[in-house]
Amino acid sequence: MQGTVIKSSGSVYDVRCAGGEVIECRVKGNFRLKGIKSTNPVAVGDYVEISVREDGTAYIVDIMPRKNYIVRKASNLSKQSHILAANLDLCFLVVTVNHPVTSTTFIDRFLASAEAYRVPVVLVFNKIDLYDEQDNDELDYLVALYESIGYSCLKVSATSGAGVEELCNMMRGKVSLLAGNSGVGKSSLVNAISPSVAAKVGEISHIHDTGMHTTTYTQMFELMPDSYIVDTPGVKGFGSYNMDTEEIAHYFVEFFELSANCRYGNCTHTHEPGCAVLEALEEGRIAPSRYQSYLSMLEDKDEGKYRSSE
């Protein structure tokens, strides 16, 4: 029997089968021995094969090939990954210019990982109703920056409703991941789109707020007919995982385009003569914040460089 994983709470998974039935499953012990260096070898969004025993207990016995996924370095296990969700049509990264500030380093790390695993991302700038003139100037700068690279950006307010209809329309007919730092208003956005779903999301948020940080509690909800949203706990940091040093620049879209003009094919864009990326940086054609994010990811190769505050 096949189905889709719609909930992960550590060792127990809810699988929605073709007829709509939801079956609670566990993972067979030997399943974790297949070389999957992940804190969660099964992720929400995975298409899986399950086996139901005569006593009614059910086990996930296989995962179908994934079309994509979002993965980050596990914050407490540097050599393992944590998969946020799999088989996504779109990811909405909710960020805030203020209340709280989302760092560009976090944004860029997330975007690079999404590029690496072929997940399209839309940047959702929330809480625009709270911004003063300086905040709005920063907002306009960031939107112009990321749109110039090729990323879609939305300005929204879960409180006033600004931009929510456009966000809702972009989610229609898709499986979408909603991600972001704690406090950026993900739950408020879900509430603005679907109060009934938001109530369920709130229950999960309460579990994390009460200290159960060892539990991976990610869940897929049906937002509208044939439209699903995967809600994840707030992510504090985003450590890059399984990226070779020479590959990182490939996932910064504007760097990759420029690198064809570098003098050396194996250019790291840090010191080499004839580097097209460094030339563009000096001429103001690459944002300094993007370049700093790139350098921080290069430093991830040094043990202990990753910080959850990024």
# chains A, B, ... in the order shown; residues from 1 in each chain; ligands from 1
call {"tool": "residues_around", "arguments": {"residues": "A:Asp46", "least_positions_apart": "2", "cutoff": "8 Å", "atoms": "only C-alpha atoms", "output": "JSON, numbers by chain"}}
result
{"A": [4, 5, 42, 43, 44, 48, 63, 64, 66, 85, 86, 87]}
call {"tool": "residues_around", "arguments": {"residues": "A:Glu115", "least_positions_apart": "3", "cutoff": "10 Å", "atoms": "only C-alpha atoms", "output": "list in words"}}
result
Ile70, Arg109, Phe110, Leu111, Ala112, Arg118, Val119, Pro120, Val121, His250, Tyr251, Phe252 and Val253 of chain A
call {"tool": "write_last_selection", "arguments": {"atoms": "C-alpha atoms", "output": "short mmCIF file (atom, residue, chain, number, x, y, z; two decimals), in the first residue's frame"}}
result
data_model
loop_
_atom_site.label_atom_id
_atom_site.label_comp_id
_atom_site.auth_asym_id
_atom_site.auth_seq_id
_atom_site.Cartn_x
_atom_site.Cartn_y
_atom_site.Cartn_z
CA ILE A 70 14.69 21.12 1.62
CA ARG A 109 21.66 30.14 3.15
CA PHE A 110 18.08 29.00 2.74
CA LEU A 111 17.96 30.09 -0.91
CA ALA A 112 21.25 28.34 -1.69
CA ARG A 118 15.62 22.24 -6.91
CA VAL A 119 12.91 23.81 -4.77
CA PRO A 120 11.44 27.12 -6.06
CA VAL A 121 11.26 29.80 -3.33
CA HIS A 250 26.68 27.43 -8.17
CA TYR A 251 23.75 27.98 -5.80
CA PHE A 252 24.17 31.75 -5.73
CA VAL A 253 22.42 32.39 -9.02
#
call {"tool": "atom_distance", "arguments": {"atom1": "atom CA of A:Ser196", "atom2": "atom CA of A:Ile229"}}
result
13.0 Å
call {"tool": "residues_around", "arguments": {"residues": "A:Asp231", "least_positions_apart": "4", "cutoff": "8 Å", "atoms": "only C-alpha atoms", "output": "MDAnalysis selection string"}}
result
chainID A and resid 177:179 201 218:221
call {"tool": "atom_distance", "arguments": {"atom1": "atom CA of A:Ile60", "atom2": "atom CA of A:Val27"}}
result
5.1 Å
call {"tool": "decode", "arguments": {"residues": "stretch 116-195 of chain A", "atoms": "C-alpha atoms", "output": "PDB file, in the first residue's frame"}}
result
ATOM      1  CA  ALA A 116      20.824  22.844  -4.579  1.00  0.00           C
ATOM      2  CA  TYR A 117      17.775  20.614  -4.199  1.00  0.00           C
ATOM      3  CA  ARG A 118      15.617  22.242  -6.907  1.00  0.00           C
ATOM      4  CA  VAL A 119      12.905  23.814  -4.767  1.00  0.00           C
ATOM      5  CA  PRO A 120      11.439  27.119  -6.062  1.00  0.00           C
ATOM      6  CA  VAL A 121      11.259  29.795  -3.334  1.00  0.00           C
ATOM      7  CA  VAL A 122       9.095  32.879  -2.896  1.00  0.00           C
ATOM      8  CA  LEU A 123      10.204  35.422  -0.284  1.00  0.00           C
ATOM      9  CA  VAL A 124       7.286  36.620   1.835  1.00  0.00           C
ATOM     10  CA  PHE A 125       8.047  39.854   3.696  1.00  0.00           C
ATOM     11  CA  ASN A 126       5.537  39.885   6.552  1.00  0.00           C
ATOM     12  CA  LYS A 127       4.471  42.520   9.140  1.00  0.00           C
ATOM     13  CA  ILE A 128       4.621  45.454   6.718  1.00  0.00           C
ATOM     14  CA  ASP A 129       1.967  47.167   8.862  1.00  0.00           C
ATOM     15  CA  LEU A 130       4.573  47.612  11.614  1.00  0.00           C
ATOM     16  CA  TYR A 131       7.309  49.231   9.542  1.00  0.00           C
ATOM     17  CA  ASP A 132       8.452  52.828   9.849  1.00  0.00           C
ATOM     18  CA  GLU A 133      10.089  54.844   7.064  1.00  0.00           C
ATOM     19  CA  GLN A 134      13.531  53.342   7.655  1.00  0.00           C
ATOM     20  CA  ASP A 135      12.106  49.811   7.703  1.00  0.00           C
ATOM     21  CA  ASN A 136      10.255  50.462   4.445  1.00  0.00           C
ATOM     22  CA  ASP A 137      13.434  51.718   2.796  1.00  0.00           C
ATOM     23  CA  GLU A 138      15.169  48.491   3.848  1.00  0.00           C
ATOM     24  CA  LEU A 139      12.191  46.481   2.622  1.00  0.00           C
ATOM     25  CA  ASP A 140      12.276  48.141  -0.801  1.00  0.00           C
ATOM     26  CA  TYR A 141      16.033  47.549  -1.032  1.00  0.00           C
ATOM     27  CA  LEU A 142      15.739  43.839  -0.210  1.00  0.00           C
ATOM     28  CA  VAL A 143      12.818  43.295  -2.574  1.00  0.00           C
ATOM     29  CA  ALA A 144      14.733  45.017  -5.391  1.00  0.00           C
ATOM     30  CA  LEU A 145      17.845  42.954  -4.580  1.00  0.00           C
ATOM     31  CA  TYR A 146      16.169  39.556  -4.598  1.00  0.00           C
ATOM     32  CA  GLU A 147      13.897  40.297  -7.540  1.00  0.00           C
ATOM     33  CA  SER A 148      16.955  41.359  -9.571  1.00  0.00           C
ATOM     34  CA  ILE A 149      18.424  37.903  -8.897  1.00  0.00           C
ATOM     35  CA  GLY A 150      15.211  36.221 -10.018  1.00  0.00           C
ATOM     36  CA  TYR A 151      13.276  35.493  -6.818  1.00  0.00           C
ATOM     37  CA  SER A 152       9.606  36.427  -6.482  1.00  0.00           C
ATOM     38  CA  CYS A 153       8.838  38.618  -3.454  1.00  0.00           C
ATOM     39  CA  LEU A 154       5.572  39.410  -1.705  1.00  0.00           C
ATOM     40  CA  LYS A 155       4.896  42.210   0.766  1.00  0.00           C
ATOM     41  CA  VAL A 156       2.213  41.041   3.189  1.00  0.00           C
ATOM     42  CA  SER A 157       0.572  41.739   6.517  1.00  0.00           C
ATOM     43  CA  ALA A 158      -1.291  38.983   8.298  1.00  0.00           C
ATOM     44  CA  THR A 159      -2.844  41.690  10.490  1.00  0.00           C
ATOM     45  CA  SER A 160      -4.182  44.046   7.815  1.00  0.00           C
ATOM     46  CA  GLY A 161      -4.629  41.390   5.132  1.00  0.00           C
ATOM     47  CA  ALA A 162      -2.395  43.185   2.630  1.00  0.00           C
ATOM     48  CA  GLY A 163      -1.005  40.727   0.083  1.00  0.00           C
ATOM     49  CA  VAL A 164      -2.725  37.716   1.665  1.00  0.00           C
ATOM     50  CA  GLU A 165      -5.019  37.069  -1.303  1.00  0.00           C
ATOM     51  CA  GLU A 166      -2.046  37.023  -3.676  1.00  0.00           C
ATOM     52  CA  LEU A 167      -0.240  34.630  -1.338  1.00  0.00           C
ATOM     53  CA  CYS A 168      -3.305  32.394  -1.196  1.00  0.00           C
ATOM     54  CA  ASN A 169      -3.571  32.328  -4.990  1.00  0.00           C
ATOM     55  CA  MET A 170       0.073  31.287  -5.304  1.00  0.00           C
ATOM     56  CA  MET A 171      -0.591  28.337  -2.974  1.00  0.00           C
ATOM     57  CA  ARG A 172      -3.616  27.130  -4.892  1.00  0.00           C
ATOM     58  CA  GLY A 173      -3.202  23.631  -6.368  1.00  0.00           C
ATOM     59  CA  LYS A 174       0.266  23.161  -4.892  1.00  0.00           C
ATOM     60  CA  VAL A 175       2.130  21.463  -2.059  1.00  0.00           C
ATOM     61  CA  SER A 176       3.898  24.359  -0.356  1.00  0.00           C
ATOM     62  CA  LEU A 177       6.349  24.597   2.513  1.00  0.00           C
ATOM     63  CA  LEU A 178       6.000  27.512   4.929  1.00  0.00           C
ATOM     64  CA  ALA A 179       9.330  28.205   6.628  1.00  0.00           C
ATOM     65  CA  GLY A 180      11.048  30.965   8.545  1.00  0.00           C
ATOM     66  CA  ASN A 181      12.554  32.061  11.854  1.00  0.00           C
ATOM     67  CA  SER A 182      10.458  31.955  14.991  1.00  0.00           C
ATOM     68  CA  GLY A 183       8.402  35.107  15.446  1.00  0.00           C
ATOM     69  CA  VAL A 184       8.026  36.100  11.781  1.00  0.00           C
ATOM     70  CA  GLY A 185       4.287  35.396  11.810  1.00  0.00           C
ATOM     71  CA  LYS A 186       3.886  32.100   9.966  1.00  0.00           C
ATOM     72  CA  SER A 187       0.951  31.007  12.114  1.00  0.00           C
ATOM     73  CA  SER A 188      -0.712  34.406  11.713  1.00  0.00           C
ATOM     74  CA  LEU A 189      -0.438  34.083   7.936  1.00  0.00           C
ATOM     75  CA  VAL A 190      -1.996  30.629   8.020  1.00  0.00           C
ATOM     76  CA  ASN A 191      -4.786  32.060  10.177  1.00  0.00           C
ATOM     77  CA  ALA A 192      -5.398  34.808   7.634  1.00  0.00           C
ATOM     78  CA  ILE A 193      -5.744  32.190   4.897  1.00  0.00           C
ATOM     79  CA  SER A 194      -7.534  29.403   6.803  1.00  0.00           C
ATOM     80  CA  PRO A 195      -8.564  29.822  10.467  1.00  0.00           C
TER      81      PRO A 195
END
